[in-house]
Each structure stands twice: as C-alpha cells, then as structure tokens.
>>> print(open('run-v3.txt').read())   # compact mmCIF, C-alpha atoms
# COMPACT_ATOMS: atom_id res chain seq x y z
CA MET A 313 -27.06 -4.76 25.68
CA ASP A 314 -27.94 -4.95 29.38
CA PHE A 315 -25.56 -6.05 32.12
CA VAL A 316 -26.79 -7.45 35.42
CA GLU A 317 -23.32 -6.96 36.87
CA ALA A 318 -20.96 -4.16 35.87
CA ARG A 319 -17.67 -2.79 37.12
CA LEU A 320 -15.67 0.28 36.10
CA ALA A 321 -12.20 0.36 37.67
CA GLN A 322 -9.61 3.07 37.17
CA GLN A 323 -6.52 1.75 35.40
CA ARG A 324 -4.05 2.55 38.16
CA GLU A 325 -2.50 0.30 40.77
CA GLU A 326 -2.83 2.44 43.91
CA GLU A 327 -6.29 3.21 45.32
CA PRO A 328 -8.24 3.16 42.04
CA ASP A 329 -11.77 4.54 41.95
CA VAL A 330 -14.24 1.72 41.26
CA TYR A 331 -17.91 1.93 40.27
CA LEU A 332 -20.11 -1.13 40.87
CA GLY A 333 -23.68 -1.60 39.69
CA SER A 334 -25.73 -2.49 36.60
CA ALA A 335 -25.18 -1.09 33.12
CA THR A 336 -26.45 -0.74 29.56
CA ILE A 337 -24.50 -0.29 26.33
CA ILE A 338 -26.18 1.24 23.29
CA GLN A 339 -25.15 2.24 19.78
CA ASP A 340 -25.96 5.88 19.05
CA GLU A 341 -26.94 7.48 15.72
CA ASN A 342 -23.25 7.73 14.74
CA LYS A 343 -22.72 4.00 15.43
CA ALA A 344 -20.63 4.73 18.51
CA LEU A 345 -20.89 2.46 21.54
CA LYS A 346 -21.99 4.31 24.70
CA LEU A 347 -22.06 2.97 28.28
CA LYS A 348 -24.39 4.00 31.11
CA LEU A 349 -23.79 2.56 34.58
CA LEU A 350 -25.92 3.08 37.69
CA GLY A 351 -24.19 2.17 40.93
CA LYS A 352 -21.98 3.02 43.87
CA LEU A 353 -18.47 4.45 43.96
CA GLN A 354 -15.92 2.43 45.93
CA SER A 355 -13.30 5.00 46.98
CA LYS A 356 -11.27 5.98 50.02
CA LYS A 357 -11.86 9.64 49.25
CA SER A 358 -14.48 11.64 51.10
CA MET A 359 -17.69 12.63 49.30
CA ALA A 360 -16.46 16.23 49.11
CA GLU A 361 -13.15 15.15 47.57
CA GLN A 362 -15.00 13.02 45.05
CA PHE A 363 -17.12 15.94 43.92
CA MET A 364 -14.11 18.26 43.72
CA ASP A 365 -12.31 15.75 41.50
CA ALA A 366 -15.38 15.46 39.30
CA PHE A 367 -15.60 19.25 39.07
CA ASN A 368 -12.00 20.16 38.16
CA GLY A 369 -10.82 16.88 36.62
CA GLY A 370 -7.42 17.07 38.31
CA PHE A 371 -5.62 17.27 34.95
CA THR A 372 -2.81 19.55 33.77
CA SER A 373 -3.65 21.77 30.81
CA GLY A 374 -1.72 20.95 27.64
CA LYS A 375 -0.63 17.49 28.84
CA LEU A 376 -1.79 14.11 27.59
CA ILE A 377 -4.07 12.24 29.98
CA GLY A 378 -2.31 9.02 31.04
CA ARG A 379 -3.93 5.60 30.70
CA GLU A 380 -4.06 5.33 34.48
CA SER A 381 -6.77 8.00 34.52
CA TYR A 382 -9.08 5.98 32.25
CA TYR A 383 -11.25 3.06 33.30
CA ARG A 384 -11.48 -0.65 32.56
CA PHE A 385 -14.98 -2.11 32.13
CA PHE A 386 -16.12 -5.59 33.10
CA GLY A 387 -19.72 -6.72 32.66
CA VAL A 388 -21.90 -9.82 32.73
CA ASP A 389 -24.81 -9.68 30.29
CA MET A 390 -28.28 -11.19 30.64
CA SER A 391 -27.03 -14.51 29.18
CA GLY A 392 -24.12 -14.78 31.59
CA ARG A 393 -21.46 -13.83 29.03
CA GLU A 394 -18.54 -11.72 30.19
CA TRP A 395 -17.48 -8.57 28.29
CA THR A 396 -14.53 -6.24 28.75
CA ALA A 397 -13.42 -2.82 27.49
CA GLU A 398 -10.22 -0.83 28.02
CA ASP A 399 -9.40 2.90 28.19
CA VAL A 400 -12.92 4.09 28.95
CA SER A 401 -13.38 7.85 29.43
CA ILE A 402 -16.29 8.69 31.74
CA ALA A 403 -18.46 11.52 33.04
CA THR A 404 -20.36 11.18 36.32
CA ASN A 405 -23.40 12.56 38.10
CA GLY A 406 -23.65 11.85 41.82
CA ASN A 407 -26.33 12.09 44.49
CA MET A 408 -24.97 13.62 47.72
CA ASN A 409 -27.78 12.09 49.78
CA ASN A 410 -27.46 8.40 48.97
CA GLY A 411 -24.07 8.18 47.23
CA ASN A 412 -25.50 6.75 43.98
CA TYR A 413 -23.74 7.60 40.72
CA VAL A 414 -24.81 7.64 37.11
CA VAL A 415 -21.73 7.08 34.97
CA HIS A 416 -21.68 7.80 31.23
CA SER A 417 -18.89 6.85 28.83
CA HIS A 418 -17.98 9.29 26.08
CA ARG A 419 -17.32 6.45 23.62
CA LEU A 420 -16.19 2.84 23.94
CA ARG A 421 -13.46 2.07 21.43
CA GLU A 422 -14.27 -1.64 21.49
CA LEU A 423 -16.06 -4.29 23.54
CA ARG A 424 -14.70 -7.84 23.78
CA HIS A 425 -16.11 -11.24 24.70
CA ALA A 426 -13.85 -14.27 25.08
CA GLY A 427 -15.84 -17.52 24.92
CA GLU A 428 -14.91 -21.04 25.87
CA PRO A 429 -12.17 -22.67 23.78
CA ILE A 430 -13.60 -24.60 20.82
CA LYS A 431 -12.40 -27.62 18.88
CA VAL A 432 -11.80 -26.74 15.24
CA THR A 433 -9.11 -27.82 12.79
CA SER A 434 -8.51 -24.42 11.16
CA ALA A 435 -8.70 -20.79 12.21
CA LYS A 436 -11.17 -18.32 10.72
CA HIS A 437 -11.16 -14.56 11.24
CA TYR A 438 -14.43 -12.85 10.24
CA MET A 439 -14.54 -9.06 9.82
CA LEU A 440 -17.71 -7.13 9.01
CA ILE A 441 -17.02 -3.69 7.52
CA PRO A 442 -19.94 -1.27 7.04
CA GLY A 443 -20.33 0.35 3.63
CA LYS A 444 -20.04 -0.42 -0.07
CA PHE A 445 -16.63 -0.57 -1.71
CA ASN A 446 -15.26 -1.07 -5.22
CA ILE A 447 -14.09 -4.69 -5.35
CA PRO A 448 -13.60 -6.66 -8.61
CA PHE A 449 -15.80 -9.58 -7.57
CA ASN A 450 -15.59 -12.61 -9.86
CA LEU A 451 -17.65 -15.25 -8.03
CA THR A 452 -21.28 -15.72 -6.97
CA GLN A 453 -22.63 -16.59 -3.52
CA ASP A 454 -24.87 -19.56 -4.15
CA ASP A 455 -26.00 -19.90 -0.57
CA GLN A 456 -26.78 -16.21 0.00
CA ASN A 457 -29.40 -13.76 -1.21
CA GLU A 458 -26.83 -11.63 -3.04
CA ARG A 459 -27.28 -10.61 -6.67
CA GLY A 460 -24.72 -11.21 -9.39
CA LEU A 461 -20.99 -11.41 -8.72
CA SER A 462 -20.45 -10.50 -5.08
CA LYS A 463 -17.50 -12.57 -3.90
CA CYS A 464 -13.82 -13.12 -4.62
CA LEU A 465 -11.20 -15.52 -3.28
CA ILE A 466 -7.47 -14.71 -2.94
CA PRO A 467 -5.34 -17.80 -2.14
CA ILE A 468 -2.12 -16.90 -0.31
CA GLY A 469 -0.54 -20.36 -0.05
CA GLU A 470 0.13 -22.75 2.82
CA GLN A 471 -3.59 -23.52 3.24
CA ARG A 472 -4.38 -19.84 3.72
CA ASP A 473 -6.85 -17.72 1.80
CA ILE A 474 -8.80 -14.47 1.89
CA VAL A 475 -12.48 -14.31 0.98
CA VAL A 476 -14.07 -10.92 0.32
CA LYS A 477 -17.81 -10.73 -0.26
CA THR A 478 -20.84 -8.53 0.25
CA LYS A 479 -23.30 -9.10 3.05
CA GLY A 480 -26.24 -6.76 2.64
CA GLU A 481 -24.95 -3.21 2.90
CA ASN A 482 -21.66 -4.42 4.37
CA LEU A 483 -18.40 -6.04 3.31
CA LEU A 484 -17.36 -9.33 4.89
CA VAL A 485 -13.70 -10.37 4.90
CA ILE A 486 -12.85 -13.92 5.99
CA ILE A 487 -9.27 -15.08 6.55
CA THR A 488 -8.67 -18.83 6.82
CA THR A 489 -5.43 -20.26 8.20
CA PRO A 490 -4.32 -23.72 9.43
CA SER A 491 -4.01 -22.51 13.02
CA ALA A 492 -4.54 -19.47 15.19
CA GLU A 493 -2.64 -16.46 13.88
CA GLU A 494 -1.66 -13.25 15.62
CA ASP A 495 -3.84 -10.20 15.04
CA LYS A 496 -1.07 -8.61 12.99
CA TYR A 497 -1.90 -11.10 10.22
CA LYS A 498 -5.39 -9.61 10.01
CA ASP A 499 -4.07 -6.04 10.02
CA ARG A 500 -1.70 -6.74 7.12
CA VAL A 501 -4.55 -8.15 5.05
CA LEU A 502 -6.73 -5.09 5.74
CA GLU A 503 -3.88 -2.73 4.82
CA ALA A 504 -3.33 -4.50 1.49
CA LEU A 505 -7.04 -4.66 0.67
CA GLY A 506 -7.54 -1.04 1.78
CA ILE A 507 -4.86 0.40 -0.52
CA ALA A 508 -6.07 -1.70 -3.46
CA THR A 509 -9.66 -0.62 -2.73
CA GLY A 510 -8.91 3.04 -2.01
CA ALA A 511 -10.67 3.11 1.36
CA HIS A 512 -9.94 2.58 5.04
CA LEU A 513 -11.36 -0.85 5.88
CA TYR A 514 -12.29 -0.68 9.55
CA PRO A 515 -14.26 -3.67 10.90
CA GLN A 516 -17.01 -2.90 13.39
CA ILE A 517 -17.54 -6.57 14.18
CA GLU A 518 -14.85 -9.24 14.40
CA MET A 519 -15.22 -12.90 15.21
CA ILE A 520 -12.27 -15.24 15.67
CA ARG A 521 -12.92 -18.98 15.75
CA ALA A 522 -9.68 -20.90 16.11
CA PRO A 523 -8.20 -23.86 18.00
CA ASN A 524 -8.55 -22.97 21.69
CA ARG A 525 -9.89 -19.52 20.87
CA ASP A 526 -13.38 -18.09 20.46
CA GLU A 527 -13.60 -14.30 20.55
CA LEU A 528 -16.07 -11.60 19.54
CA VAL A 529 -15.16 -7.90 19.22
CA LEU A 530 -17.64 -5.04 18.76
CA ARG A 531 -16.30 -1.59 17.85
CA SER A 532 -17.53 1.96 17.61
CA ALA A 533 -17.57 3.24 14.05
CA LYS A 534 -14.81 5.52 12.87
CA SER A 535 -15.63 9.18 12.34
CA ARG A 536 -17.80 10.09 9.36
CA HIS A 537 -14.80 11.83 7.82
CA THR A 538 -12.73 8.65 7.72
CA ALA A 539 -15.62 6.37 6.80
CA ALA A 540 -16.60 8.47 3.78
CA ALA A 541 -13.05 9.02 2.48
CA ARG A 542 -12.26 7.41 -0.85
CA LEU A 543 -9.03 7.54 -2.84
CA VAL A 544 -8.27 6.55 -6.42
CA SER A 545 -6.75 3.09 -6.17
CA PRO A 546 -3.46 2.05 -7.82
CA VAL A 547 -5.18 -0.73 -9.79
CA VAL A 548 -8.59 -0.84 -11.45
CA ASN A 549 -10.87 -2.28 -8.76
CA SER A 550 -14.17 -2.76 -10.56
CA GLY A 551 -15.25 -5.46 -13.02
CA SER A 552 -14.36 -9.13 -12.78
CA SER A 553 -11.78 -8.83 -15.57
CA ASN A 554 -9.59 -6.72 -13.26
CA PHE A 555 -9.56 -9.24 -10.43
CA SER A 556 -6.16 -10.74 -11.33
CA ASP A 557 -4.32 -7.40 -10.96
CA PHE A 558 -6.27 -6.57 -7.78
CA ALA A 559 -5.36 -9.93 -6.24
CA LYS A 560 -1.74 -9.67 -7.39
CA PHE A 561 -1.33 -6.26 -5.75
CA VAL A 562 -2.87 -7.50 -2.48
CA LEU A 563 -0.62 -10.56 -2.41
CA CYS A 564 2.55 -8.64 -3.31
CA TYR A 565 1.88 -6.04 -0.61
CA PHE A 566 1.01 -8.68 1.99
CA GLN A 567 4.16 -10.71 1.28
CA ALA A 568 6.45 -7.65 1.22
CA TYR A 569 5.73 -6.60 4.80
CA SER A 570 5.90 -9.05 7.69
CA GLU A 571 4.62 -6.57 10.27
CA PRO A 572 1.43 -4.46 10.27
CA PHE A 573 1.23 -0.66 10.44
CA HIS A 574 4.20 -0.17 8.15
CA GLN A 575 5.21 3.40 7.42
CA VAL A 576 3.95 3.00 3.83
CA ALA A 577 0.45 2.27 5.11
CA GLY A 578 0.63 5.29 7.42
CA LEU A 579 1.64 7.57 4.55
CA TRP A 580 -1.17 6.20 2.40
CA PHE A 581 -3.65 6.89 5.21
CA ARG A 582 -2.42 10.49 5.43
CA ILE A 583 -3.12 10.94 1.72
CA LEU A 584 -6.56 9.34 2.09
CA THR A 585 -7.65 11.69 4.85
CA ALA A 586 -6.03 14.74 3.19
CA PHE A 587 -8.34 14.44 0.18
CA ASP A 588 -11.13 15.97 2.24
CA SER A 589 -9.14 19.20 2.78
CA SER A 590 -7.85 22.06 0.61
CA LEU A 591 -5.98 21.46 -2.64
CA GLU A 592 -2.81 22.99 -1.18
CA ASN A 593 -2.92 20.59 1.75
CA GLN A 594 -3.58 17.65 -0.55
CA GLY A 595 -0.56 18.55 -2.64
CA LEU A 596 1.74 19.02 0.34
CA ILE A 597 0.68 15.68 1.88
CA ILE A 598 1.14 13.76 -1.38
CA ALA A 599 4.52 15.35 -2.11
CA THR A 600 5.86 14.65 1.40
CA ALA A 601 4.36 11.13 1.34
CA CYS A 602 6.49 10.39 -1.74
CA GLU A 603 9.51 11.62 0.23
CA GLY A 604 8.52 9.38 3.11
CA VAL A 605 8.33 6.26 0.94
CA ILE A 606 11.69 7.04 -0.66
CA ASN A 607 13.42 7.64 2.68
CA ALA A 608 11.91 4.45 4.11
CA GLU A 609 12.35 2.11 1.16
CA PHE A 610 15.07 3.48 -1.15
CA GLU A 611 17.93 4.40 1.14
CA ASP A 612 20.63 3.20 -1.27
CA GLU A 613 19.16 5.15 -4.18
CA CYS A 614 19.23 8.34 -2.09
CA LYS A 615 23.03 8.31 -2.05
CA PRO A 616 24.87 10.17 -4.84
CA GLU A 617 26.58 7.97 -7.42
CA GLN A 618 30.28 7.30 -6.85
CA ILE A 619 31.41 9.23 -9.95
CA PHE A 620 29.76 12.38 -8.62
CA LEU A 621 31.28 11.85 -5.15
CA ASP A 622 34.72 11.51 -6.72
CA GLN A 623 34.18 14.77 -8.60
CA LEU A 624 33.23 16.53 -5.37
CA SER A 625 36.36 15.19 -3.66
CA GLU A 626 38.48 16.59 -6.47
CA ALA A 627 36.70 19.94 -6.39
CA ARG A 628 37.03 20.61 -2.64
CA PRO A 629 40.81 21.20 -2.48
CA LEU A 630 40.60 23.38 -5.59
CA VAL A 631 37.99 25.59 -3.93
CA GLU A 632 40.07 25.77 -0.74
CA LYS A 633 42.92 27.26 -2.79
CA LEU A 634 40.77 29.94 -4.41
CA ASN A 635 41.79 33.51 -3.66
CA VAL A 636 38.31 34.73 -2.63
CA GLN A 637 36.76 36.25 0.47
CA PRO A 638 36.44 33.79 3.44
CA ARG A 639 32.67 34.01 3.57
CA ALA A 640 32.26 33.12 -0.11
CA LYS A 641 34.82 30.31 0.17
CA ALA A 642 33.04 28.87 3.22
CA ARG A 643 29.73 28.91 1.35
CA LEU A 644 31.27 27.08 -1.63
CA ILE A 645 32.84 24.44 0.61
CA THR A 646 29.57 23.94 2.48
CA SER A 647 27.75 23.45 -0.84
CA ILE A 648 30.25 20.79 -1.87
CA ASP A 649 29.94 18.95 1.43
CA THR A 650 26.12 19.15 1.34
CA ALA A 651 26.07 17.68 -2.17
CA LYS A 652 27.46 14.44 -0.71
CA ASN A 653 24.35 13.90 1.41
CA SER A 654 21.57 11.46 0.58
CA THR A 655 18.56 13.17 -0.99
CA VAL A 656 15.16 12.29 -2.41
CA SER A 657 16.17 13.94 -5.68
CA ASN A 658 19.08 11.51 -6.00
CA ALA A 659 16.72 8.56 -5.55
CA LEU A 660 14.24 9.84 -8.13
CA ARG A 661 17.04 10.49 -10.60
CA SER A 662 18.37 6.96 -10.07
CA LEU A 663 14.91 5.39 -10.45
CA THR A 664 14.34 7.41 -13.61
CA GLU A 665 17.66 6.37 -15.15
CA SER A 666 16.86 2.71 -14.41
CA GLN A 667 13.44 3.24 -16.09
CA LYS A 668 11.50 2.27 -12.97
CA ILE A 669 9.56 5.53 -13.00
CA PRO A 670 8.83 7.90 -15.91
CA GLU A 671 10.80 11.12 -16.20
CA ASN A 672 7.64 13.25 -16.25
CA LEU A 673 6.68 12.06 -12.75
CA ARG A 674 10.05 13.06 -11.33
CA LYS A 675 9.77 16.54 -12.85
CA THR A 676 6.16 16.96 -11.71
CA TRP A 677 7.03 16.01 -8.13
CA GLN A 678 9.99 18.40 -8.10
CA SER A 679 7.85 21.27 -9.38
CA LEU A 680 4.95 20.62 -6.98
CA ARG A 681 7.23 20.15 -3.98
CA ASN A 682 9.11 23.39 -4.64
CA LYS A 683 5.91 25.34 -5.17
CA LEU A 684 4.25 24.16 -1.96
CA ALA A 685 7.36 24.33 0.21
CA HIS A 686 7.40 28.11 -0.14
CA ALA A 687 4.75 30.59 0.88
CA SER A 688 3.80 31.58 -2.65
CA GLU A 689 0.11 32.16 -3.27
CA LEU A 690 -1.44 29.82 -5.81
CA ASP A 691 -3.31 31.23 -8.80
CA TRP A 692 -6.77 29.65 -9.04
CA GLU A 693 -7.67 30.58 -12.61
CA GLU A 694 -9.50 27.67 -14.19
CA HIS A 695 -6.73 26.36 -16.43
CA LYS A 696 -4.14 26.75 -13.69
CA MET A 697 -6.38 24.91 -11.23
CA GLN A 698 -6.61 22.04 -13.72
CA ASP A 699 -2.83 22.01 -14.05
CA PHE A 700 -2.50 21.83 -10.26
CA ILE A 701 -5.01 18.96 -10.04
CA ASP A 702 -3.15 17.13 -12.80
CA SER A 703 0.04 17.51 -10.75
CA LEU A 704 -1.69 16.10 -7.65
CA TYR A 705 -2.71 12.92 -9.42
CA ALA A 706 0.64 12.57 -11.17
CA CYS A 707 2.31 12.62 -7.74
CA LEU A 708 -0.26 10.10 -6.48
CA GLU A 709 0.78 7.85 -9.36
CA LEU A 710 4.41 8.34 -8.33
CA PHE A 711 3.53 7.32 -4.77
CA TYR A 712 1.83 4.15 -6.03
CA ARG A 713 4.70 3.31 -8.40
CA LEU A 714 7.19 3.59 -5.54
CA ILE A 715 5.14 1.08 -3.56
CA MET A 716 4.93 -1.22 -6.59
CA ILE A 717 8.70 -1.18 -7.00
CA ARG A 718 9.13 -2.09 -3.34
CA ILE A 719 6.62 -4.99 -3.38
CA ASN A 720 7.72 -6.33 -6.81
CA TYR A 721 4.32 -5.85 -8.42
CA ASP A 722 4.38 -6.19 -12.23
CA GLY A 723 0.73 -6.10 -13.26
CA SER A 724 -1.35 -3.25 -14.64
CA LEU A 725 -1.84 0.14 -12.98
CA ARG A 726 -3.78 3.34 -13.41
CA SER A 727 -1.73 6.01 -15.15
CA LEU A 728 -3.05 9.00 -13.22
CA SER A 729 -0.62 11.37 -14.97
CA LYS A 730 -2.36 10.92 -18.33
CA THR A 731 -5.71 12.18 -19.59
CA GLY A 732 -8.49 9.71 -18.84
CA TRP A 733 -6.31 7.69 -16.46
CA PRO A 734 -5.69 4.76 -18.85
CA THR A 735 -4.62 1.34 -17.61
CA GLU A 736 -0.98 0.51 -18.35
CA LEU A 737 1.28 -2.41 -17.82
CA TYR A 738 3.62 -1.36 -15.02
CA ASP A 739 6.86 -2.31 -16.80
CA GLN A 740 5.88 -0.93 -20.21
CA PHE A 741 4.96 2.66 -19.41
CA LYS A 742 7.09 4.06 -22.20
CA THR A 743 5.57 2.30 -25.19
CA GLN A 744 2.23 0.67 -24.62
CA VAL A 745 -1.19 0.97 -23.05
CA HIS A 746 -3.20 -2.21 -22.57
CA PHE A 747 -6.99 -2.22 -22.60
CA ARG A 748 -8.78 -5.36 -21.50
CA PHE A 749 -12.02 -6.68 -22.92
CA GLY A 750 -14.19 -9.13 -21.02
CA PRO A 751 -13.21 -11.52 -18.23
CA GLU A 752 -9.84 -13.18 -18.19
CA ALA A 753 -10.41 -16.67 -19.50
CA PRO A 754 -9.06 -18.97 -22.21
CA GLY A 755 -9.62 -17.22 -25.49
CA SER A 756 -9.93 -13.70 -24.06
CA ARG A 757 -8.11 -10.93 -25.93
CA GLN A 758 -5.93 -7.98 -25.11
CA ALA A 759 -5.74 -4.98 -27.42
CA THR A 760 -2.47 -3.05 -27.50
CA VAL A 761 -2.42 0.55 -28.64
CA GLY A 762 0.82 2.44 -29.33
CA GLN A 763 1.42 5.63 -27.39
>>> encode(input="run-v3.txt", output="structure tokens")
Amino acid sequence: MDFVEARLAQQREEEPDVYLGSATIIQDENKALKLKLLGKLQSKKSMAEQFMDAFNGGFTSGKLIGRESYYRFFGVDMSGREWTAEDVSIATNGNMNNGNYVVHSHRLRELRHAGEPIKVTSAKHYMLIPGKFNIPFNLTQDDQNERGLSKCLIPIGEQRDIVVKTKGENLLVIITTPSAEEDKYKDRVLEALGIATGAHLYPQIEMIRAPNRDELVLRSAKSRHTAAARLVSPVVNSGSSNFSDFAKFVLCYFQAYSEPFHQVAGLWFRILTAFDSSLENQGLIIATACEGVINAEFEDECKPEQIFLDQLSEARPLVEKLNVQPRAKARLITSIDTAKNSTVSNALRSLTESQKIPENLRKTWQSLRNKLAHASELDWEEHKMQDFIDSLYACLELFYRLIMIRINYDGSLRSLSKTGWPTELYDQFKTQVHFRFGPEAPGSRQATVGQ
C-alpha cells in the first residue's frame, strides 16, 4: 500500500519529532505489517543531536519505554483514503548532506481507516481470522464455493446473532446487532468462541459497517507460537451433531461476563500458550490457573464452614492453657488462626460435597499442585510420564468444570480425566456417559452406557 502523503509524529506534547514524506506499507513473510517512509525530519534539534539520539536511543536500561517515545502514523493512500496507526516503533537512517531520512517501522500492530458514515439499519462486525479451526458446522453456504457443511449460526436474542463460516483458508466471524455496539462486544464473542474452539482467535482484518460508522482495520499476525497453539476444548467441537453443546457453551460464557478480557479468559490463554513448553511448566500453569478461577469466582466457597470455625474458636483457649514451651504454643495458636483463612482447598472440598465436581479431580489437583510447588525432580520413566500427563488433563478438566459452574452450562463435556476422553453430561458425571449418533433432529437417538 503506497501513500502519497505520510506523517510520523512522536506521541508527546512538547517538541515532538515529526517525519514528513511518502511511504509504503508491506506485509512480510510472517504476515507482519512493515512501514517504510522517505522524507524530512521536522525537529528543533541540531543535526548532530539528532544523530546522537539515533545512536544511543536516550533510554534507561531496565525501564519500560513510555508511549510518548513511540510514533503516530497518518497517511493518505493513492485513492485518497486516510489511514492511521498508533504506537509505532521506528529505526532511522539519515543523510548528513541533504537531511533526508529513511524510516523503517519494526512492526505495525494495526492500521485503521475510518470511512464516511453510512446509512444502514443494523450493525455488522466482520472478522477474518487466518487458519483452519475445529468448528461443528451444521449449515451450508449456498452462495459460496465452499464444500459441505461450512457455516453455523448462533442466535443470541434481541435481534443479535453470530455467524461463523469458512472463507477459503480462513475463518469468518460475523456479528449482527440492531445498532452500533462497543468493541468489547466483539471481544467477548471471540473469547467465548476461542475457548470452545481451543484456539486464540485473532482477526487480521476487521470491517465494521454500522449506523454512522464505517471502519476497516488491518493487523499484523500474531507470533507463530500463538497462531499454532491448540488446546483440547471443553466441548466436542467437530461434527454437526455437537453443534448444540458448542453453541450452548458460547452463549453461556458470553452471557456470564458483561466485560471483555475477564480473568478467566486470561487464565485460559496462559494454559493455551503453556502447552508449547515443558511438561512441568504445563502442569504448574494449569494447577495455578485452577486456583485463579477459584479465587476469582468462588470466594464464598473458599471460606471454611461455620461448624469448623466454631471448633477452632473452642480449641484456641484450650491451647492457650496448655503447659508447653512458648514456641510450641505459639506455633499451635498460629496454626489455629491460619485454619480460619479462605483457601482453594476449602472451595474444592465444598464443590465436591455439593457434587459439582468429582472427588477424583480434587485429589488429582491437590497431588499435582503439591508435587510442582516443591523442587522435587520428576521421574520420567514411561509409565510415570503417562501418569503425569493424565494428571495434566484431569486438571484441565477441572479448570473447564469450574468455568461451567460459573456460567451455568449444563450440556455435555469432554471427560479428560478418563481413558479415551468420553463425552459426558455435565450434571451426571457419577453415573452415565452419553454417546451421540448422527445429527440432532427429530427421531435421533442417544445411547446411555452405565459407568
């Protein structure tokens, strides 16, 4: 993309450095947007000062670089359209003789174009996401050259819906609403779809067409590490017969959280990226992620039950009267007082007693957490490695079940703690496993097998 007019201005109020000239933006082999500008520097500094700044950077080692040191881009393309970009990091080469500069950006995070307001009755948010993902499509695209089932529709009420479909080698997500919605609406949808899909859904192209709004956003691709990461999903996400549970999970998650970037989504993303590292790191991330969900969502369950608190209150004065050494007595009293604190173990015990999670998951988490919290070397004999991997996926199931409790999901889930990862009904984990045959339609069957 060529720009007949381009401007890079430092994001600070007092005497910002400004580069004026013409520019080109390309997409490199890693799908990152790169800027090259040829022009003049508008600065009150002398040429020598400019070169010294370029040489040493003027930054303090070990300190974050403030936004005021980055640049804001403005450009007019060959068709007269205006584009902007924020927080641009640059490198420069200057000519001492004529004062010309060649400015390169390290990577543009995103490039935006705001068009003229348009007259439409509803708002549509289009997001193109590179890559193939496991989605339980149940519809065809009659007007597109796509084979077989390649589309699904998730109604979310109030004249709103989510369409997910393939477009070549990409995934296209379309959100329709009665009027213009804030961007957080889009982010919540992507979080819900991402967890149900088991992948980070990061759109490289976005188009928003809404009443009084027409906007196009181009983004650099995420790193290869993030783009290639895949995680076992909480629900079966392949085959049209599994669409109902997939859609139910997405809707329950979307309705449970009114704001984007919830802590649950952040913990899930940590697990996703950890699965490209060592087994020990995977286990530690999953175990602590379960703690994070419990601390964030189950505060009441973390508190000890009242009967136990009453017993501690009765025990404390008895211990104070014991005829033992002061150090031992102090340790006993401290233990009693500490037992009154809220803990993750209390929450898991409470959730187990109320039959919201299986007992084996609580025990597995406790064992894995204790093992990884201490600097004990793991034994990587084959059968012990399998046991450790089984524990990882059991804790991943615990993580998913905690989310399902919070969002009031009651469909089927993957039982990652059992051999073969069978599909179970969430609220019947003790007695039954349900296997589905064929698409869900009038007359379809469900086979129930006793545990």
>>> closest_residue(input="run-v3.txt", among="A:Leu353, A:Lys477, A:Ala533, A:Arg628", to="Thr650 (chain A)", atoms="all atoms listed in the file")
A:Arg628
>>> closest_residue(input="run-v3.txt", among="A:Gly351, A:Pro328, A:Pro515, A:Gly374", to="Arg531 (chain A)", atoms="only C-alpha atoms")
A:Pro515
>>> closest_residue(input="run-v3.txt", among="A:Ser334, A:Ser654, A:Asn635, A:Thr735", to="Asn607 (chain A)", atoms="all atoms listed in the file")
A:Ser654
>>> residues_around(input="run-v3.txt", residues="Ile486 (chain A)", least_positions_apart="4", cutoff="8 Å", atoms="all atoms listed in the file", output="NGL selection string")
:A and (436-439 or 474-476)
>>> write_last_selection(input="run-v3.txt", atoms="C-alpha atoms", output="PDB file, in the frame of the given file")
ATOM      1  CA  LYS A 436     -11.170 -18.320  10.720  1.00  0.00           C
ATOM      2  CA  HIS A 437     -11.160 -14.560  11.240  1.00  0.00           C
ATOM      3  CA  TYR A 438     -14.430 -12.850  10.240  1.00  0.00           C
ATOM      4  CA  MET A 439     -14.540  -9.060   9.820  1.00  0.00           C
ATOM      5  CA  ILE A 474      -8.800 -14.470   1.890  1.00  0.00           C
ATOM      6  CA  VAL A 475     -12.480 -14.310   0.980  1.00  0.00           C
ATOM      7  CA  VAL A 476     -14.070 -10.920   0.320  1.00  0.00           C
TER       8      VAL A 476
END
>>> closest_residue(input="run-v3.txt", among="A:His512, A:Arg472, A:Lys534, A:Arg525", to="Phe581 (chain A)", atoms="all atoms listed in the file")
A:His512
>>> atom_distance(input="run-v3.txt", atom1="CA of Arg726 (chain A)", atom2="CA of Ile701 (chain A)")
16.0 Å
>>> build_atoms(input="run-v3.txt", residues="region 574-585 of chain A", atoms="N, CA and C atoms", output="PDB file, in the frame of the given file")
ATOM      1  N   HIS A 574       2.960  -0.634   8.748  1.00  0.00           N
ATOM      2  CA  HIS A 574       4.200  -0.170   8.150  1.00  0.00           C
ATOM      3  C   HIS A 574       4.074   1.301   7.795  1.00  0.00           C
ATOM      4  N   GLN A 575       5.221   1.971   7.710  1.00  0.00           N
ATOM      5  CA  GLN A 575       5.210   3.400   7.420  1.00  0.00           C
ATOM      6  C   GLN A 575       4.514   3.700   6.093  1.00  0.00           C
ATOM      7  N   VAL A 576       4.627   2.810   5.124  1.00  0.00           N
ATOM      8  CA  VAL A 576       3.950   3.000   3.830  1.00  0.00           C
ATOM      9  C   VAL A 576       2.443   3.108   4.020  1.00  0.00           C
ATOM     10  N   ALA A 577       1.882   2.226   4.850  1.00  0.00           N
ATOM     11  CA  ALA A 577       0.450   2.270   5.110  1.00  0.00           C
ATOM     12  C   ALA A 577       0.061   3.565   5.823  1.00  0.00           C
ATOM     13  N   GLY A 578       0.908   4.039   6.728  1.00  0.00           N
ATOM     14  CA  GLY A 578       0.630   5.290   7.420  1.00  0.00           C
ATOM     15  C   GLY A 578       0.638   6.478   6.480  1.00  0.00           C
ATOM     16  N   LEU A 579       1.584   6.490   5.533  1.00  0.00           N
ATOM     17  CA  LEU A 579       1.640   7.570   4.550  1.00  0.00           C
ATOM     18  C   LEU A 579       0.432   7.537   3.627  1.00  0.00           C
ATOM     19  N   TRP A 580       0.029   6.326   3.237  1.00  0.00           N
ATOM     20  CA  TRP A 580      -1.170   6.200   2.400  1.00  0.00           C
ATOM     21  C   TRP A 580      -2.400   6.722   3.140  1.00  0.00           C
ATOM     22  N   PHE A 581      -2.507   6.429   4.427  1.00  0.00           N
ATOM     23  CA  PHE A 581      -3.650   6.890   5.210  1.00  0.00           C
ATOM     24  C   PHE A 581      -3.659   8.409   5.308  1.00  0.00           C
ATOM     25  N   ARG A 582      -2.493   9.026   5.411  1.00  0.00           N
ATOM     26  CA  ARG A 582      -2.420  10.490   5.430  1.00  0.00           C
ATOM     27  C   ARG A 582      -2.972  11.071   4.131  1.00  0.00           C
ATOM     28  N   ILE A 583      -2.602  10.461   3.008  1.00  0.00           N
ATOM     29  CA  ILE A 583      -3.120  10.940   1.720  1.00  0.00           C
ATOM     30  C   ILE A 583      -4.633  10.761   1.660  1.00  0.00           C
ATOM     31  N   LEU A 584      -5.115   9.617   2.112  1.00  0.00           N
ATOM     32  CA  LEU A 584      -6.560   9.340   2.090  1.00  0.00           C
ATOM     33  C   LEU A 584      -7.342  10.397   2.838  1.00  0.00           C
ATOM     34  N   THR A 585      -6.912  10.715   4.034  1.00  0.00           N
ATOM     35  CA  THR A 585      -7.650  11.690   4.850  1.00  0.00           C
ATOM     36  C   THR A 585      -7.433  13.115   4.357  1.00  0.00           C
TER      37      THR A 585
END
